[in-house]
Structure formats: structure tokens, C-alpha cells
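So this block is final-v3.txt, compact mmCIF, C-alpha atoms:
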```txt
# COMPACT_ATOMS: atom_id res chain seq x y z
CA PRO U 1 -108.46 4.30 -20.00
CA THR U 2 -105.36 2.82 -18.31
CA GLN U 3 -105.35 -0.33 -20.44
CA PRO U 4 -104.16 1.44 -23.64
CA ILE U 5 -101.33 3.04 -21.67
CA ALA U 6 -100.33 -0.32 -20.17
CA ASP U 7 -100.45 -1.91 -23.62
CA ALA U 8 -98.26 0.86 -25.05
CA ILE U 9 -95.71 0.43 -22.26
CA ARG U 10 -95.68 -3.34 -22.72
CA GLN U 11 -95.16 -2.87 -26.47
CA ARG U 12 -92.20 -0.53 -25.91
CA MET U 13 -90.63 -2.92 -23.40
CA THR U 14 -90.48 -5.82 -25.86
CA PRO U 15 -87.58 -6.18 -28.32
CA ALA U 16 -90.04 -6.19 -31.23
CA GLY U 17 -91.44 -2.82 -30.19
CA ASN U 18 -88.16 -1.11 -29.37
CA PRO U 19 -85.20 -1.17 -31.77
CA GLU U 20 -82.72 -0.42 -28.97
CA LEU U 21 -83.98 -3.35 -26.90
CA ALA U 22 -83.86 -5.54 -29.99
CA ARG U 23 -80.22 -4.56 -30.55
CA LEU U 24 -79.32 -5.18 -26.90
CA ASP U 25 -81.14 -8.51 -26.96
CA SER U 26 -79.19 -9.53 -30.04
CA GLU U 27 -75.86 -8.47 -28.51
CA LEU U 28 -76.58 -10.31 -25.26
CA ARG U 29 -77.51 -13.48 -27.14
CA ALA U 30 -74.32 -13.27 -29.20
CA ALA U 31 -72.23 -12.72 -26.06
CA ALA U 32 -73.93 -15.70 -24.38
CA GLN U 33 -73.06 -17.87 -27.39
CA VAL U 34 -69.41 -16.78 -27.20
CA ILE U 35 -69.28 -17.57 -23.47
CA LEU U 36 -70.89 -20.95 -24.01
CA GLN U 37 -68.42 -21.79 -26.78
CA ASP U 38 -65.49 -20.74 -24.55
CA VAL U 39 -66.71 -23.04 -21.78
CA ILE U 40 -67.14 -25.91 -24.25
CA ASP U 41 -63.67 -25.33 -25.68
CA ASP U 42 -62.16 -25.29 -22.18
CA PHE U 43 -63.79 -28.53 -21.06
CA VAL U 44 -63.74 -30.68 -24.20
CA PRO U 45 -60.13 -31.87 -23.69
CA GLN U 46 -60.91 -32.94 -20.11
CA ILE U 47 -64.09 -34.71 -21.18
CA GLU U 48 -62.30 -36.42 -24.06
CA ALA U 49 -59.52 -37.65 -21.76
CA GLU U 50 -62.05 -39.01 -19.27
CA LEU U 51 -64.02 -40.76 -22.01
CA LYS U 52 -60.85 -42.37 -23.35
CA ARG U 53 -59.82 -43.49 -19.86
CA ARG U 54 -63.22 -45.06 -19.19
CA LEU U 55 -63.35 -46.70 -22.61
CA GLU U 56 -59.94 -48.26 -22.12
CA ALA U 57 -60.96 -49.52 -18.69
CA ARG U 58 -64.12 -51.10 -20.06
CA LEU U 59 -62.45 -52.53 -23.15
CA THR U 60 -60.04 -54.55 -21.04
CA ARG U 61 -63.02 -56.07 -19.20
CA LEU U 62 -65.20 -56.63 -22.27
CA LEU U 63 -62.68 -57.79 -24.85
CA PRO U 64 -59.96 -60.37 -24.45
CA PRO U 65 -56.39 -59.15 -24.95
CA ARG U 66 -55.13 -59.23 -28.53
CA ARG U 67 -52.90 -62.10 -29.53
CA GLN U 68 -49.86 -61.05 -31.45
```

Please go through the file and, once you have read it, give me the structure as C-alpha cells.
Amino acid sequence: PTQPIADAIRQRMTPAGNPELARLDSELRAAAQVILQDVIDDFVPQIEAELKRRLEARLTRLLPPRRQ
């Protein structure tokens, strides 16, 4: 007799079985995406600068200087 009750509770605790949980799940996922994008936006310039620095350092070792 306790199994149907446990199943009913489990159903209500999943986003598919509870519209309020589904809404909260959706909002949390959207907020996580915004946070992730903010972090990416903050760090991309630093990463780009480091990549350029390393590329320039390697290019001077791999390629001879240009003759003008």
C-alpha cells in the first residue's frame, strides 16, 4: 500500500509532474545560461590576448622573419 503513495510523491517532485517545479526548473536553467554567458564574455578578451601572445611567440620560432 505504501508504493502507490511513494510513486505519487515521486511524480509530484519531478518537473514533468508539477507545473511549478517545471517553471522553476526552466527559470534556473535560463539563469544558469545567463551566468555562463557573462563568464564567457568576461574571459574571452583575456583568452584572446593570451592566444595572440603565444601565437606570436611560436611564429617567430617557426617562420623566418619576412624580408622587405

Computed gap from CA of Ser26 (chain U) to CA of Thr14 (chain U) is 12.6 Å

Enter the distance from CA of Leu51 (chain U) to CA of Leu36 (chain U), in Å, rounded to one decimal.
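For CA of Leu51 (chain U) relative to CA of Leu36 (chain U), the distance reads 21.1 Å.
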
In Å to one decimal, how far is CA of Arg12 (chain U) from CA of Asp25 (chain U)?
13.7 Å

Adding 8 Å on each side of the box along x, y and z that holds all listed atoms of region 7-26 of chain U, could you give its centre and edge lengths in Å to one decimal, as lines of an AutoDock Vina configuration file?
```
center_x = -89.8
center_y = -4.3
center_z = -27.0
size_x = 37.3
size_y = 26.4
size_z = 25.5
```
